[in-house]
>>> print(open('coords-v1.txt').read())   # compact mmCIF, C-alpha atoms
# COMPACT_ATOMS: atom_id res chain seq x y z
CA MET A 1 38.62 12.05 -7.87
CA LEU A 2 36.75 15.33 -8.04
CA LYS A 3 34.99 14.16 -11.18
CA SER A 4 33.78 10.93 -9.61
CA PHE A 5 32.57 12.77 -6.51
CA THR A 6 30.46 15.04 -8.69
CA SER A 7 28.87 12.16 -10.50
CA THR A 8 28.02 10.47 -7.20
CA ALA A 9 26.45 13.65 -5.87
CA PHE A 10 24.55 14.18 -9.08
CA ASN A 11 23.07 10.69 -8.83
CA GLY A 12 22.03 11.59 -5.32
CA PHE A 13 19.96 14.52 -6.58
CA ARG A 14 18.19 12.39 -9.15
CA THR A 15 17.07 9.62 -6.83
CA VAL A 16 13.79 9.86 -4.98
CA SER A 17 13.46 6.94 -2.60
CA ALA A 18 15.05 6.91 0.83
CA GLN A 19 16.63 3.52 0.16
CA GLN A 20 18.54 4.82 -2.83
CA THR A 21 19.54 7.97 -1.01
CA ARG A 22 20.94 5.87 1.80
CA CYS A 23 23.03 3.92 -0.73
CA ILE A 24 24.46 7.16 -2.11
CA GLN A 25 25.30 8.30 1.42
CA VAL A 26 27.25 5.12 1.96
CA SER A 27 29.28 5.63 -1.19
CA ALA A 28 29.83 9.29 -0.34
CA ARG A 29 31.44 8.25 2.94
CA SER A 30 34.64 7.39 1.20
CA PHE A 31 34.93 10.95 -0.09
CA ASN A 32 34.06 12.78 3.08
CA VAL A 33 35.29 11.21 6.26
CA ALA A 34 33.78 13.93 8.46
CA ARG A 35 30.25 12.79 7.53
CA ASP A 36 30.81 9.28 8.80
CA GLU A 37 28.51 9.49 11.81
CA SER A 38 25.65 11.27 10.13
CA ALA A 39 25.54 8.98 7.10
CA ALA A 40 23.82 5.88 8.50
CA PRO A 41 20.62 6.12 10.56
CA VAL A 42 21.53 5.44 14.17
CA ALA A 43 19.12 2.99 15.80
CA PRO A 44 19.90 0.70 18.72
CA LYS A 45 19.62 -2.89 17.49
CA ALA A 46 17.67 -4.58 20.25
CA LYS A 47 16.99 -8.29 20.02
CA ARG A 48 13.53 -8.80 18.66
CA THR A 49 11.12 -9.77 21.42
CA VAL A 50 8.02 -10.04 19.29
CA VAL A 51 6.75 -13.56 18.69
CA SER A 52 4.24 -14.04 15.91
CA SER A 53 0.79 -15.39 16.66
CA ALA A 54 1.08 -17.48 13.50
CA PRO A 55 3.86 -20.02 14.00
CA GLU A 56 5.60 -21.65 11.07
CA GLY A 57 3.28 -23.75 8.95
CA THR A 58 0.03 -21.96 9.79
CA VAL A 59 -2.20 -21.25 6.83
CA LEU A 60 -2.44 -17.50 6.23
CA LYS A 61 -6.11 -17.13 5.40
CA GLY A 62 -7.64 -14.75 2.93
CA ILE A 63 -4.55 -14.11 0.82
CA ASN A 64 -5.09 -16.26 -2.23
CA TYR A 65 -7.63 -15.05 -4.79
CA MET A 66 -6.79 -17.28 -7.77
CA LYS A 67 -8.85 -20.35 -8.62
CA ASP A 68 -5.97 -22.77 -8.68
CA GLY A 69 -3.95 -21.26 -5.87
CA LYS A 70 -3.82 -21.85 -2.15
CA ASP A 71 -3.33 -19.58 0.82
CA PRO A 72 0.38 -19.31 1.61
CA LEU A 73 1.89 -20.97 4.67
CA ALA A 74 3.57 -18.91 7.34
CA LEU A 75 7.35 -19.16 7.41
CA ALA A 76 9.47 -19.10 10.54
CA ASP A 77 9.61 -15.71 12.25
CA ASP A 78 13.26 -15.29 11.29
CA ALA A 79 12.51 -15.72 7.60
CA TYR A 80 10.69 -12.40 7.52
CA PRO A 81 12.57 -9.09 7.30
CA GLU A 82 13.34 -7.29 10.56
CA TRP A 83 11.26 -4.24 9.71
CA LEU A 84 8.09 -6.31 9.66
CA TRP A 85 8.19 -6.65 13.44
CA GLU A 86 8.85 -2.99 13.89
CA ILE A 87 6.18 -1.35 11.73
CA ASN A 88 3.40 -2.12 14.17
CA ASP A 89 5.37 -1.19 17.27
CA PRO A 90 3.85 1.84 19.06
CA GLU A 91 7.03 2.46 21.07
CA ILE A 92 9.14 2.94 17.97
CA ARG A 93 6.51 5.20 16.48
CA ASN A 94 6.29 7.30 19.65
CA ALA A 95 10.06 7.55 19.85
CA ARG A 96 10.16 8.94 16.32
CA ILE A 97 7.39 11.44 17.13
CA ALA A 98 9.29 12.59 20.24
CA ASP A 99 12.57 13.04 18.37
CA PRO A 100 12.76 16.67 17.15
CA LEU A 101 15.08 15.72 14.31
CA ASP A 102 12.64 13.25 12.82
CA ARG A 103 10.23 14.11 10.03
CA LYS A 104 7.43 12.33 11.89
CA HIS A 105 7.77 14.74 14.80
CA HIS A 106 7.09 17.71 12.59
CA LYS A 107 4.28 16.00 10.68
CA GLU A 108 2.54 15.22 13.96
CA ALA A 109 3.10 18.76 15.27
CA ARG A 110 1.67 20.16 12.04
CA ARG A 111 -1.30 17.82 12.26
CA GLN A 112 -2.11 18.88 15.81
CA ALA A 113 -1.76 22.55 14.89
CA ILE A 114 -4.24 22.09 12.04
CA LYS A 115 -6.69 20.34 14.35
CA ALA A 116 -6.40 23.13 16.91
CA GLU A 117 -6.90 25.76 14.22
CA ASN A 118 -9.95 23.96 12.83
CA PHE A 119 -11.40 23.59 16.30
CA ILE A 120 -11.16 27.34 16.80
CA ARG A 121 -12.66 28.05 13.41
CA ASP A 122 -15.48 25.53 13.76
CA LYS A 123 -18.73 27.46 14.16
CA LYS A 124 -21.02 24.49 14.56
CA THR A 125 -20.26 23.93 18.25
CA MET B 1 -9.95 9.96 -12.65
CA SER B 2 -11.17 11.57 -15.84
CA LYS B 3 -14.87 11.50 -16.65
CA LYS B 4 -14.73 14.06 -19.47
CA ALA B 5 -13.85 12.88 -22.99
CA PRO B 6 -11.95 15.42 -25.10
CA ALA B 7 -12.48 14.89 -28.82
CA ALA B 8 -9.31 13.19 -30.03
CA ALA B 9 -7.50 12.38 -26.80
CA ALA B 10 -7.80 9.16 -24.79
CA SER B 11 -9.95 9.10 -21.70
CA LEU B 12 -9.37 7.00 -18.63
CA LEU B 13 -12.03 5.18 -16.76
CA ARG B 14 -11.57 3.49 -13.43
CA LEU B 15 -14.00 0.78 -12.37
CA VAL B 16 -14.11 -2.06 -9.87
CA VAL B 17 -15.48 -5.17 -11.55
CA PRO B 18 -16.12 -8.62 -10.07
CA ALA B 19 -13.86 -11.16 -11.75
CA GLY B 20 -15.56 -13.26 -14.40
CA LYS B 21 -18.86 -11.47 -13.96
CA ALA B 22 -18.93 -8.35 -16.07
CA THR B 23 -21.81 -6.62 -17.95
CA PRO B 24 -24.44 -5.51 -15.51
CA SER B 25 -25.90 -2.34 -16.89
CA PRO B 26 -25.54 -0.03 -13.86
CA PRO B 27 -21.81 0.08 -13.23
CA ILE B 28 -20.28 -0.79 -16.58
CA GLY B 29 -22.84 -0.29 -19.32
CA PRO B 30 -23.46 3.48 -19.06
CA ALA B 31 -19.86 4.30 -18.17
CA LEU B 32 -18.54 2.60 -21.28
CA GLY B 33 -21.50 3.53 -23.44
CA GLN B 34 -20.87 7.23 -22.85
CA ARG B 35 -17.51 6.79 -24.48
CA GLY B 36 -18.88 4.83 -27.39
CA VAL B 37 -17.51 1.46 -26.34
CA LYS B 38 -19.62 -1.66 -26.63
CA SER B 39 -19.83 -2.99 -23.09
CA MET B 40 -20.18 -6.59 -24.37
CA ASP B 41 -16.73 -6.35 -25.98
CA PHE B 42 -15.14 -5.19 -22.78
CA CYS B 43 -16.96 -7.76 -20.70
CA LYS B 44 -15.94 -10.66 -22.90
CA GLN B 45 -12.29 -9.62 -22.83
CA PHE B 46 -12.37 -8.92 -19.13
CA ASN B 47 -13.99 -12.22 -18.23
CA ASP B 48 -11.51 -13.99 -20.41
CA ARG B 49 -8.54 -12.33 -18.78
CA THR B 50 -9.85 -13.01 -15.30
CA LYS B 51 -10.92 -16.59 -15.76
CA ASN B 52 -8.16 -17.79 -13.41
CA VAL B 53 -9.34 -15.57 -10.61
CA ASP B 54 -11.88 -16.67 -8.00
CA ALA B 55 -15.27 -15.67 -9.37
CA GLY B 56 -16.64 -12.46 -7.92
CA THR B 57 -13.34 -11.09 -6.61
CA PRO B 58 -13.51 -7.31 -7.03
CA LEU B 59 -10.80 -6.18 -9.40
CA PRO B 60 -10.00 -2.53 -10.14
CA VAL B 61 -9.72 -1.94 -13.85
CA ILE B 62 -8.25 1.06 -15.66
CA ILE B 63 -9.79 1.36 -19.12
CA THR B 64 -8.16 3.66 -21.65
CA VAL B 65 -10.57 4.64 -24.42
CA LYS B 66 -8.88 6.17 -27.42
CA GLY B 67 -10.43 8.75 -29.70
CA ASP B 68 -11.45 6.13 -32.26
CA ARG B 69 -13.40 4.22 -29.58
CA THR B 70 -10.94 1.37 -29.27
CA PHE B 71 -9.96 0.53 -25.75
CA THR B 72 -7.28 -1.17 -23.74
CA PHE B 73 -7.48 -2.05 -20.09
CA VAL B 74 -5.24 -2.98 -17.22
CA THR B 75 -6.34 -5.11 -14.28
CA LYS B 76 -4.89 -4.54 -10.83
CA SER B 77 -4.88 -6.55 -7.64
CA PRO B 78 -8.04 -6.51 -5.48
CA PRO B 79 -8.54 -3.64 -3.03
CA THR B 80 -6.70 -3.86 0.30
CA SER B 81 -9.98 -3.77 2.20
CA PHE B 82 -11.05 -6.93 0.38
CA PHE B 83 -7.93 -8.76 1.50
CA LEU B 84 -8.19 -7.52 5.06
CA LYS B 85 -11.83 -8.53 5.43
CA ARG B 86 -11.09 -12.01 4.18
CA ALA B 87 -7.99 -12.34 6.33
CA ALA B 88 -9.94 -11.33 9.42
CA GLY B 89 -12.94 -13.43 8.43
CA LEU B 90 -15.31 -10.45 8.20
CA GLU B 91 -18.18 -9.65 5.88
CA LYS B 92 -17.98 -5.92 6.45
CA GLY B 93 -15.60 -3.53 8.11
CA ALA B 94 -16.40 -1.72 11.35
CA THR B 95 -19.24 0.80 11.43
CA ASN B 96 -17.43 2.93 13.97
CA ILE B 97 -13.80 3.06 14.91
CA GLY B 98 -11.83 4.86 17.56
CA LYS B 99 -10.82 4.48 21.16
CA ASP B 100 -14.39 4.03 22.35
CA HIS B 101 -15.12 1.20 19.95
CA PRO B 102 -13.67 -2.30 20.10
CA PHE B 103 -11.93 -3.88 17.12
CA VAL B 104 -14.12 -6.06 14.93
CA GLY B 105 -11.42 -8.37 13.63
CA LYS B 106 -7.82 -9.39 13.82
CA VAL B 107 -5.05 -9.88 11.29
CA ASN B 108 -1.45 -10.83 11.87
CA LEU B 109 1.74 -9.29 10.50
CA LYS B 110 2.58 -12.28 8.31
CA GLN B 111 -0.74 -11.89 6.52
CA VAL B 112 0.00 -8.20 6.07
CA TYR B 113 3.36 -9.12 4.59
CA GLU B 114 1.77 -11.52 2.09
CA ILE B 115 -0.84 -8.94 1.09
CA GLY B 116 1.99 -6.46 0.63
CA LYS B 117 3.78 -8.84 -1.72
CA ILE B 118 0.68 -9.12 -3.89
CA LYS B 119 0.22 -5.35 -3.95
CA GLN B 120 3.85 -4.77 -4.79
CA ALA B 121 3.35 -6.47 -8.14
CA ASP B 122 0.94 -3.74 -9.27
CA ASP B 123 2.12 -1.16 -11.80
CA GLY B 124 1.74 1.88 -9.61
CA MET B 125 3.76 0.47 -6.72
CA GLY B 126 7.18 0.26 -8.28
CA HIS B 127 8.58 3.20 -6.35
CA LEU B 128 7.35 2.05 -2.95
CA SER B 129 9.31 -0.17 -0.60
CA LEU B 130 7.60 -3.31 0.69
CA LYS B 131 7.93 -1.81 4.14
CA GLY B 132 6.03 1.27 3.02
CA ILE B 133 3.31 -0.82 1.41
CA CYS B 134 2.87 -2.91 4.57
CA ALA B 135 2.70 0.24 6.69
CA GLY B 136 -0.07 1.45 4.39
CA ILE B 137 -1.95 -1.81 4.78
CA ILE B 138 -1.76 -1.47 8.55
CA GLY B 139 -3.20 2.01 8.20
CA SER B 140 -6.09 0.64 6.14
CA ALA B 141 -6.70 -2.03 8.76
CA ARG B 142 -6.85 0.58 11.48
CA SER B 143 -9.43 2.61 9.61
CA MET B 144 -11.57 -0.54 9.19
CA GLY B 145 -11.46 -1.45 12.86
CA ILE B 146 -9.21 -4.43 12.29
CA GLU B 147 -6.49 -5.01 14.84
CA VAL B 148 -3.04 -5.92 13.57
CA VAL B 149 -1.30 -8.31 15.93
CA ALA B 150 2.12 -9.83 15.69
>>> encode(input="coords-v1.txt", output="structure tokens")
Amino acid sequence: MLKSFTSTAFNGFRTVSAQQTRCIQVSARSFNVARDESAAPVAPKAKRTVVSSAPEGTVLKGINYMKDGKDPLALADDAYPEWLWEINDPEIRNARIADPLDRKHHKEARRQAIKAENFIRDKKT
Amino acid sequence: MSKKAPAAAASLLRLVVPAGKATPSPPIGPALGQRGVKSMDFCKQFNDRTKNVDAGTPLPVIITVKGDRTFTFVTKSPPTSFFLKRAAGLEKGATNIGKDHPFVGKVNLKQVYEIGKIKQADDGMGHLSLKGICAGIIGSARSMGIEVVA
């Protein structure tokens, strides 16, 4: 059991993408019950309220660039992955920026600090 | 992007070439000529490889020129800005962007998704999630003054 735990952890160090890391966290759950809550990202699953402006069957213009191809047709809203409706949502983005445990919060704080510093240093005004 | 050519090593050259229409002197001729490659050779091969693509579509090309002046090249999908302009029906992107300037065009999330799928097929994108690619496309749209709606 100890041996298999090590190999799982070692795989975790080698992976780079967040998706793979999440998979390793799931498999590590069985070895460490105490980490159960912190393993999966906690996000309230609200029912999607966004309705696409391109209903099923609309031609999605400008996508095709091959001679013998055609622009794809839009599928039903449900056929697209859930994250698609979330990536353009300003509320979700602002919630992540407000959350002090999120990487985005610190990136934004860093960005503002750099802007402030540059403003002070700027001699042209 | 490497513009210097060390003696025996390969050099890389990155160009954007309209599909099926290669060989004008300014972009391609001098760039290839400096490395000792006959631009006609490249153009013939390139036009041949891109004959199924809509004529004039800008295609980024990575040309690897080896020390003995032979070359190989890889074609990638068109630039994101090209897709976004066509999807929004624009000739050019916005001159100015920001909160004081209105958007110049509109694109919906399903189009962004389809563009993302095309981009995902490129060599350099293997480590990126489709979600990440789409988020990047939305970022490009924002910097062009194109609004992304649901």
>>> closest_residue(input="coords-v1.txt", among="B:Lys21, B:Lys66, B:Arg35, B:Lys85", to="chain A", atoms="only C-alpha atoms")
B:Lys85
>>> interface_residues(input="coords-v1.txt", of="chain B", to="chain A", cutoff="6 Å", atoms="only C-alpha atoms", output="PyMOL selection string")
chain B and resi 52-54+86-87+111+150
>>> atom_distance(input="coords-v1.txt", atom1="CA of Ser140 (chain B)", atom2="CA of Thr95 (chain B)")
14.2 Å
>>> atom_distance(input="coords-v1.txt", atom1="CA of Ile92 (chain A)", atom2="CA of Ile146 (chain B)")
20.6 Å
>>> residues_around(input="coords-v1.txt", residues="Val104 (chain B)", least_positions_apart="2", cutoff="12 Å", atoms="only C-alpha atoms", output="PyMOL selection string")
chain B and resi 84-85+88-98+101-102+106-107+141-148
